[in-house]
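The data block below is coords-v8.cif; it holds mmCIF, C-alpha atoms and all ligand atoms.
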data_structure
loop_
_atom_site.label_atom_id
_atom_site.label_comp_id
_atom_site.auth_asym_id
_atom_site.auth_seq_id
_atom_site.Cartn_x
_atom_site.Cartn_y
_atom_site.Cartn_z
CA MET A 1 44.87 -82.46 -49.36
CA ALA A 2 41.45 -80.94 -49.95
CA GLU A 3 38.45 -83.11 -49.41
CA VAL A 4 36.91 -84.81 -52.40
CA GLN A 5 33.42 -83.58 -53.23
CA ILE A 6 30.82 -85.77 -54.84
CA LEU A 7 27.88 -84.79 -57.03
CA ASP A 8 25.37 -87.57 -57.61
CA TYR A 9 23.18 -87.00 -60.69
CA ARG A 10 20.55 -89.61 -59.93
CA LYS A 11 17.03 -88.18 -59.99
CA PRO A 12 15.81 -87.98 -56.38
CA GLU A 13 12.44 -89.59 -56.88
CA VAL A 14 11.84 -92.03 -59.63
CA GLU A 15 8.13 -92.07 -60.30
CA GLU A 16 6.67 -95.51 -60.82
CA PRO A 17 4.84 -96.05 -64.09
CA SER A 18 1.07 -95.93 -63.59
CA ASN A 19 0.65 -99.56 -64.55
CA GLN A 20 3.37 -100.79 -62.17
CA GLN A 21 1.22 -103.59 -60.73
CA GLU A 22 0.51 -105.00 -64.13
CA VAL A 23 4.17 -104.72 -65.10
CA ASP A 24 5.26 -106.58 -61.93
CA HIS A 25 2.62 -109.25 -62.50
CA ARG A 26 3.74 -109.78 -66.08
CA SER A 27 7.37 -109.94 -65.16
CA GLN A 28 6.65 -112.60 -62.52
CA LEU A 29 4.75 -114.68 -65.08
CA VAL A 30 7.49 -114.26 -67.66
CA SER A 31 10.19 -115.42 -65.28
CA ALA A 32 8.11 -118.23 -63.73
CA LEU A 33 7.42 -119.65 -67.18
CA GLY A 34 11.07 -119.41 -68.16
CA PHE A 35 10.68 -116.80 -70.89
CA SER A 36 13.45 -114.29 -71.42
CA PRO A 37 12.72 -111.03 -69.53
CA GLN A 38 14.65 -109.20 -72.22
CA PHE A 39 12.30 -110.40 -74.98
CA GLN A 40 9.05 -110.61 -73.02
CA CYS A 41 8.94 -107.78 -70.51
CA VAL A 42 6.99 -104.82 -71.73
CA ASP A 43 8.10 -102.41 -69.08
CA GLU A 44 9.85 -100.08 -71.45
CA VAL A 45 9.60 -97.14 -69.07
CA SER A 46 11.90 -98.77 -66.55
CA LEU A 47 14.42 -99.45 -69.31
CA ASP A 48 14.63 -95.78 -70.17
CA ALA A 49 17.77 -94.17 -68.76
CA SER A 50 16.11 -90.73 -68.62
CA ARG A 51 13.86 -92.08 -65.88
CA TYR A 52 16.89 -92.20 -63.59
CA TYR A 53 19.30 -89.59 -64.96
CA GLU A 54 19.15 -86.35 -66.91
CA GLU A 55 20.52 -86.55 -70.44
CA LEU A 56 23.42 -84.25 -71.31
CA THR A 57 22.81 -82.57 -74.66
CA GLY A 58 23.70 -79.65 -76.90
CA ARG A 59 25.94 -76.90 -75.59
CA ASP A 60 26.52 -78.51 -72.17
CA LEU A 61 27.50 -81.81 -73.78
CA ASP A 62 30.03 -80.00 -75.98
CA LEU A 63 31.46 -78.10 -73.01
CA TRP A 64 31.92 -81.23 -70.92
CA MET A 65 33.42 -83.21 -73.79
CA LEU A 66 35.90 -80.45 -74.54
CA PHE A 67 36.87 -80.37 -70.88
CA HIS A 68 36.92 -84.14 -70.38
CA ARG A 69 39.16 -84.93 -73.32
CA SER A 70 39.37 -88.67 -72.71
CA PHE A 71 37.00 -91.48 -71.87
CA TYR A 72 37.49 -94.98 -70.48
CA GLU A 73 34.97 -97.67 -71.47
CA LYS A 74 34.00 -100.30 -68.93
CA SER A 75 33.11 -102.99 -71.46
CA LYS A 76 36.58 -102.82 -72.98
CA GLY A 77 38.34 -103.31 -69.64
CA GLU A 78 39.78 -99.81 -69.84
CA TRP A 79 38.92 -98.99 -66.22
CA GLU A 80 41.90 -101.09 -65.24
CA GLN A 81 44.10 -98.31 -66.62
CA TYR A 82 42.32 -95.53 -64.74
CA HIS A 83 44.99 -94.06 -62.46
CA PHE A 84 44.18 -90.38 -61.95
CA ASP A 85 42.81 -90.58 -58.44
CA ARG A 86 41.48 -92.95 -55.81
CA VAL A 87 37.79 -93.21 -56.64
CA PRO A 88 35.73 -92.65 -53.44
CA THR A 89 33.69 -95.61 -52.19
CA GLN A 90 30.41 -93.69 -52.51
CA VAL A 91 31.21 -93.04 -56.17
CA LEU A 92 31.90 -96.75 -56.73
CA GLU A 93 28.46 -97.43 -55.21
CA ASP A 94 26.76 -94.85 -57.43
CA ILE A 95 28.38 -96.36 -60.53
CA SER A 96 27.46 -99.85 -59.41
CA PHE A 97 23.83 -98.76 -58.94
CA ALA A 98 23.75 -97.35 -62.49
CA ASP A 99 25.34 -100.55 -63.80
CA GLN A 100 22.74 -102.86 -62.24
CA LEU A 101 19.83 -100.76 -63.59
CA GLY A 102 20.54 -102.35 -66.96
CA VAL A 103 19.54 -99.20 -68.86
CA PHE A 104 22.97 -98.38 -70.32
CA ASP A 105 24.83 -99.92 -73.23
CA GLU A 106 28.13 -98.66 -71.87
CA LEU A 107 29.57 -96.99 -68.79
CA GLU A 108 32.39 -94.52 -69.21
CA ILE A 109 34.74 -92.51 -67.00
CA TRP A 110 35.46 -89.07 -68.47
CA THR A 111 38.61 -87.27 -67.42
CA PRO A 112 40.48 -84.08 -68.32
CA GLU A 113 43.74 -86.12 -68.29
CA ARG A 114 45.62 -83.30 -66.64
CA ARG A 115 46.81 -83.96 -63.13
CA SER A 116 46.14 -80.38 -62.12
CA GLU A 117 42.46 -80.74 -63.04
CA ILE A 118 41.18 -83.89 -61.47
CA ASP A 119 37.44 -83.59 -61.91
CA PRO A 120 36.26 -86.85 -63.45
CA MET A 121 32.72 -87.92 -64.24
CA ALA A 122 31.06 -91.30 -64.70
CA VAL A 123 28.66 -91.32 -67.65
CA GLY A 124 26.09 -93.84 -68.84
CA VAL A 125 25.80 -94.27 -72.59
CA VAL A 126 22.73 -95.36 -74.52
CA GLY A 127 23.38 -96.30 -78.14
CA GLU A 128 26.76 -96.48 -79.74
CA ARG A 129 29.61 -94.08 -80.17
CA THR A 130 31.00 -93.98 -83.67
CA VAL A 131 34.35 -92.33 -83.82
CA THR A 132 34.78 -89.99 -86.71
CA ALA A 133 38.20 -89.96 -88.35
CA GLN A 134 37.81 -86.58 -90.02
CA ILE A 135 38.46 -84.63 -86.86
CA ASP A 136 41.85 -83.50 -85.57
CA TRP A 137 42.05 -85.78 -82.49
CA ALA A 138 45.12 -84.17 -81.01
CA HIS A 139 43.35 -80.86 -80.80
CA TRP A 140 39.88 -81.96 -79.79
CA GLY A 141 40.60 -85.01 -77.63
CA SER A 142 39.04 -88.39 -78.35
CA ASN A 143 35.89 -87.75 -76.31
CA THR A 144 34.75 -84.95 -78.60
CA CYS A 145 35.37 -86.93 -81.80
CA HIS A 146 32.20 -88.91 -81.89
CA SER A 147 29.21 -89.19 -84.13
CA GLY A 148 26.47 -91.76 -84.23
CA ASN A 149 23.42 -92.30 -82.07
CA ALA A 150 25.02 -92.29 -78.62
CA ARG A 151 23.20 -90.47 -75.81
CA PHE A 152 25.02 -89.50 -72.63
CA PHE A 153 23.75 -89.46 -69.02
CA PRO A 154 26.03 -88.18 -66.25
CA ILE A 155 25.89 -90.52 -63.23
CA VAL A 156 28.28 -88.98 -60.73
CA ARG A 157 31.08 -86.43 -60.65
CA TRP A 158 33.78 -86.18 -58.04
CA GLY A 159 36.87 -84.12 -57.37
CA GLU A 160 38.30 -81.30 -55.34
CA SER A 161 36.63 -78.45 -57.23
CA LEU A 162 33.39 -79.63 -58.91
CA MET A 163 33.33 -76.64 -61.22
CA SER A 164 30.11 -75.02 -62.32
CA ILE A 165 29.34 -74.73 -66.03
CA GLU A 166 30.40 -71.05 -65.79
CA GLU A 167 33.80 -71.92 -64.31
CA LEU A 168 34.19 -74.63 -66.92
CA THR A 169 33.55 -72.11 -69.71
CA ASP A 170 36.15 -69.75 -68.20
CA GLN A 171 38.70 -72.56 -68.25
CA LEU A 172 37.98 -73.43 -71.87
CA VAL A 173 38.04 -69.93 -73.36
CA PRO A 174 41.84 -69.43 -73.53
CA ARG A 175 42.20 -72.91 -75.03
CA ARG A 176 39.79 -72.12 -77.84
CA ILE A 177 41.90 -69.17 -79.02
CA GLN A 178 44.85 -69.39 -81.35
CA ILE A 179 47.01 -66.28 -81.44
CA SER A 180 48.86 -65.03 -84.50
CA PRO A 181 52.66 -64.95 -84.02
CA TYR A 182 52.47 -61.25 -84.93
CA LEU A 183 50.59 -60.43 -81.75
CA PRO A 184 52.00 -60.18 -78.23
CA GLY A 185 51.11 -63.29 -76.20
CA LEU A 186 48.76 -61.71 -73.68
CA ILE A 187 45.12 -61.64 -74.72
CA PRO A 188 43.45 -58.42 -73.53
CA GLN A 189 40.64 -58.93 -71.02
CA GLY A 190 38.13 -57.26 -73.35
CA VAL A 191 38.93 -59.69 -76.15
CA LEU A 192 38.66 -62.63 -73.74
CA SER A 193 35.19 -61.50 -72.69
CA PHE A 194 34.12 -61.20 -76.31
CA VAL A 195 35.43 -64.69 -77.10
CA ARG A 196 33.74 -66.03 -73.97
CA SER A 197 30.37 -64.92 -75.30
CA ILE A 198 31.04 -66.93 -78.46
CA ILE A 199 32.34 -70.04 -76.70
CA SER A 200 29.52 -70.16 -74.18
CA ASN A 201 27.04 -70.46 -77.06
CA THR A 202 29.19 -72.49 -79.46
CA PRO A 203 31.79 -74.40 -77.42
CA ARG A 204 33.30 -76.03 -80.50
CA ALA A 205 34.12 -72.70 -82.13
CA ARG A 206 37.81 -71.90 -82.57
CA VAL A 207 38.89 -68.33 -82.61
CA PHE A 208 41.96 -67.07 -84.42
CA LEU A 209 43.28 -63.80 -83.17
CA ASP A 210 45.26 -61.55 -85.50
CA LYS A 211 46.03 -57.88 -86.08
CA ALA A 212 43.32 -55.89 -87.77
CA GLY A 213 43.81 -53.43 -90.63
CA VAL A 214 45.92 -50.43 -89.76
CA PHE A 215 43.05 -47.94 -89.80
CA ALA A 216 40.90 -49.73 -87.23
CA LYS A 217 41.70 -47.99 -83.96
CA HIS A 218 39.83 -47.77 -80.66
CA CYS A 219 40.98 -46.90 -77.14
CA GLY A 220 44.14 -45.50 -78.75
CA GLU A 221 45.32 -48.95 -79.91
CA ARG A 222 45.21 -50.85 -83.14
CA ALA A 223 42.25 -53.23 -83.12
CA SER A 224 42.39 -57.03 -83.28
CA ARG A 225 40.77 -59.25 -85.85
CA LEU A 226 38.99 -62.41 -84.72
CA GLU A 227 38.29 -65.21 -87.15
CA ILE A 228 35.65 -67.51 -85.78
CA ARG A 229 35.61 -71.04 -87.16
CA THR A 230 33.08 -73.60 -86.09
CA ARG A 231 33.73 -76.30 -88.65
CA GLY A 232 37.30 -77.33 -87.91
CA PHE A 233 40.91 -76.31 -88.05
CA ALA A 234 41.40 -75.91 -91.79
CA SER A 235 37.95 -74.63 -92.64
CA PRO A 236 37.43 -71.06 -93.77
CA ALA A 237 36.23 -68.68 -91.11
CA ASP A 238 32.48 -68.50 -90.61
CA LYS A 239 32.74 -64.98 -89.44
CA THR A 240 35.40 -62.30 -89.08
CA VAL A 241 34.95 -59.72 -86.38
CA THR A 242 37.06 -56.68 -85.63
CA VAL A 243 37.25 -55.92 -81.92
CA CYS A 244 39.08 -53.32 -79.90
CA ALA A 245 42.31 -54.84 -78.60
CA VAL A 246 41.87 -52.99 -75.31
CA CYS A 247 38.17 -53.09 -74.41
CA GLY A 248 37.06 -55.94 -76.69
CA GLU A 249 34.11 -54.01 -78.12
CA ASN A 250 32.84 -55.20 -81.50
CA ARG A 251 33.69 -52.65 -84.22
CA ASP A 252 30.05 -52.71 -85.42
CA ASN A 253 29.23 -50.74 -82.25
CA TRP A 254 31.98 -48.09 -82.51
ZN ZN B 1 38.17 -49.96 -77.00
#

Would you mind writing the structure in this file as structure tokens?
Amino acid sequence: MAEVQILDYRKPEVEEPSNQQEVDHRSQLVSALGFSPQFQCVDEVSLDASRYYEELTGRDLDLWMLFHRSFYEKSKGEWEQYHFDRVPTQVLEDISFADQLGVFDELEIWTPERRSEIDPMAVGVVGERTVTAQIDWAHWGSNTCHSGNARFFPIVRWGESLMSIEELTDQLVPRRIQISPYLPGLIPQGVLSFVRSIISNTPRARVFLDKAGVFAKHCGERASRLEIRTRGFASPADKTVTVCAVCGENRDNW
């Protein structure tokens, strides 16, 4: 069995706020007098998760959520059901450190839920996830189906591969394509590269691959039509592109 690799996301040097002495002094007074530190301590900087970890946002957040289809919430006792691997001791320590910081509203374990791809990640959450019911869960996975004010901070990732964001994108591309039954099953390399350029900018896009009109030919083959939808399964296509079925070149450039 290959060795498990660990990637700790904690920022190497946490800079102290400039008024640290005053903050410490106040917090001693607050606790000595029996006030609640939660209501009386003014050290807001130390309560900010971004002081310790980098927030995951935008495209990268979408990519990771599409890869890690499921999440397990600590506060709901769901970690008891986590059975995909034996979590390394160092990872348990990293998660425990994040827990005792008191900066997160929730701690989650994200997983691809496929035994062949064990590459889980522990994530700190600030704010609250609101699950949206309007999304096709079966397709997207529960992790992706969130709205609300939640912010996500990766704490630690472990596994045998620890894929880069590029490798992750490569893995996702074939899954984001739906092929018309009228086309042979194999997606030409050129078309895959074209779709990859879309997915790496808009991970939530879904691409429907179909035959193009009979007159569109390039490289001696009938071209393919790509419908690119970013709003959901049943939504009309945002964009229709005709690409060469062999080399994947956009017809606009022929
Ligand atoms: Zn071509």

Original post:
Nearest to ligand ZN 1 (chain B) among A:Leu56, A:His218, A:Arg229, A:Lys239, with distances taken over all atoms listed in the file: which residue is it?
Top reply: A:His218

Subject >> CA of Phe71 in chain A to CA of Leu162 in chain A, straight-line distance in Å >> reply: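 We find that CA of Leu162 in chain A and CA of Phe71 in chain A lie 17.9 Å from each other.
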
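Ranking A:Gly248, A:Pro112, A:Pro120, A:Gly190 by their shortest atom-to-atom distance to Glu160 in chain A, with only C-alpha atoms included, puts A:Pro120 first.
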
Original post:
If you count all atoms listed in the file, which residues end up within 8 Å of ligand ZN 1 (chain B), as a ChimeraX atom specification?
Top reply: /A:218-221,243-249

**OP:** Would you mind listing what lies within 12 Å of range 50-53 of chain A as a ChimeraX atom specification, with all atoms listed in the file counted and same-chain residues fewer than 5 positions away left out?
**Re:** /A:8-17,44-45,94,97-99,101-104,122-126,151-156

Now that the selection is made, can you save its residues with C-alpha atoms as a JSON list (two decimals), in the coordinates of the input?
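Ended up saving to again34.json:
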[["chain", "number", "residue", "atom", "x", "y", "z"],
["A", 8, "ASP", "CA", 25.37, -87.57, -57.61],
["A", 9, "TYR", "CA", 23.18, -87.00, -60.69],
["A", 10, "ARG", "CA", 20.55, -89.61, -59.93],
["A", 11, "LYS", "CA", 17.03, -88.18, -59.99],
["A", 12, "PRO", "CA", 15.81, -87.98, -56.38],
["A", 13, "GLU", "CA", 12.44, -89.59, -56.88],
["A", 14, "VAL", "CA", 11.84, -92.03, -59.63],
["A", 15, "GLU", "CA", 8.13, -92.07, -60.30],
["A", 16, "GLU", "CA", 6.67, -95.51, -60.82],
["A", 17, "PRO", "CA", 4.84, -96.05, -64.09],
["A", 44, "GLU", "CA", 9.85, -100.08, -71.45],
["A", 45, "VAL", "CA", 9.60, -97.14, -69.07],
["A", 94, "ASP", "CA", 26.76, -94.85, -57.43],
["A", 97, "PHE", "CA", 23.83, -98.76, -58.94],
["A", 98, "ALA", "CA", 23.75, -97.35, -62.49],
["A", 99, "ASP", "CA", 25.34, -100.55, -63.80],
["A", 101, "LEU", "CA", 19.83, -100.76, -63.59],
["A", 102, "GLY", "CA", 20.54, -102.35, -66.96],
["A", 103, "VAL", "CA", 19.54, -99.20, -68.86],
["A", 104, "PHE", "CA", 22.97, -98.38, -70.32],
["A", 122, "ALA", "CA", 31.06, -91.30, -64.70],
["A", 123, "VAL", "CA", 28.66, -91.32, -67.65],
["A", 124, "GLY", "CA", 26.09, -93.84, -68.84],
["A", 125, "VAL", "CA", 25.80, -94.27, -72.59],
["A", 126, "VAL", "CA", 22.73, -95.36, -74.52],
["A", 151, "ARG", "CA", 23.20, -90.47, -75.81],
["A", 152, "PHE", "CA", 25.02, -89.50, -72.63],
["A", 153, "PHE", "CA", 23.75, -89.46, -69.02],
["A", 154, "PRO", "CA", 26.03, -88.18, -66.25],
["A", 155, "ILE", "CA", 25.89, -90.52, -63.23],
["A", 156, "VAL", "CA", 28.28, -88.98, -60.73]]

**OP:** Rank A:Gln178, A:Ser142, A:Thr242, A:Ser147 by their smallest atom-to-atom distance to Phe194 in chain A, using all atoms listed in the file, and report the top residue only.
**Re:**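 The closest residue to Phe194 in chain A is A:Thr242.
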
**OP:** Identify, on the basis of only C-alpha atoms, every residue whose closest approach to Leu183 in chain A does not exceed 12 Å; exclude the query and any residue fewer than 2 positions from it along the same chain; express the result as a list in words.
**Re:**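 So the residues in contact are Gln178, Ile179, Ser180, Pro181, Gly185, Leu186, Ile187, Pro188, Phe208, Leu209, Asp210, Lys211, Ala212, Arg222, Ala223, Ser224, Arg225 and Ala245 of chain A.
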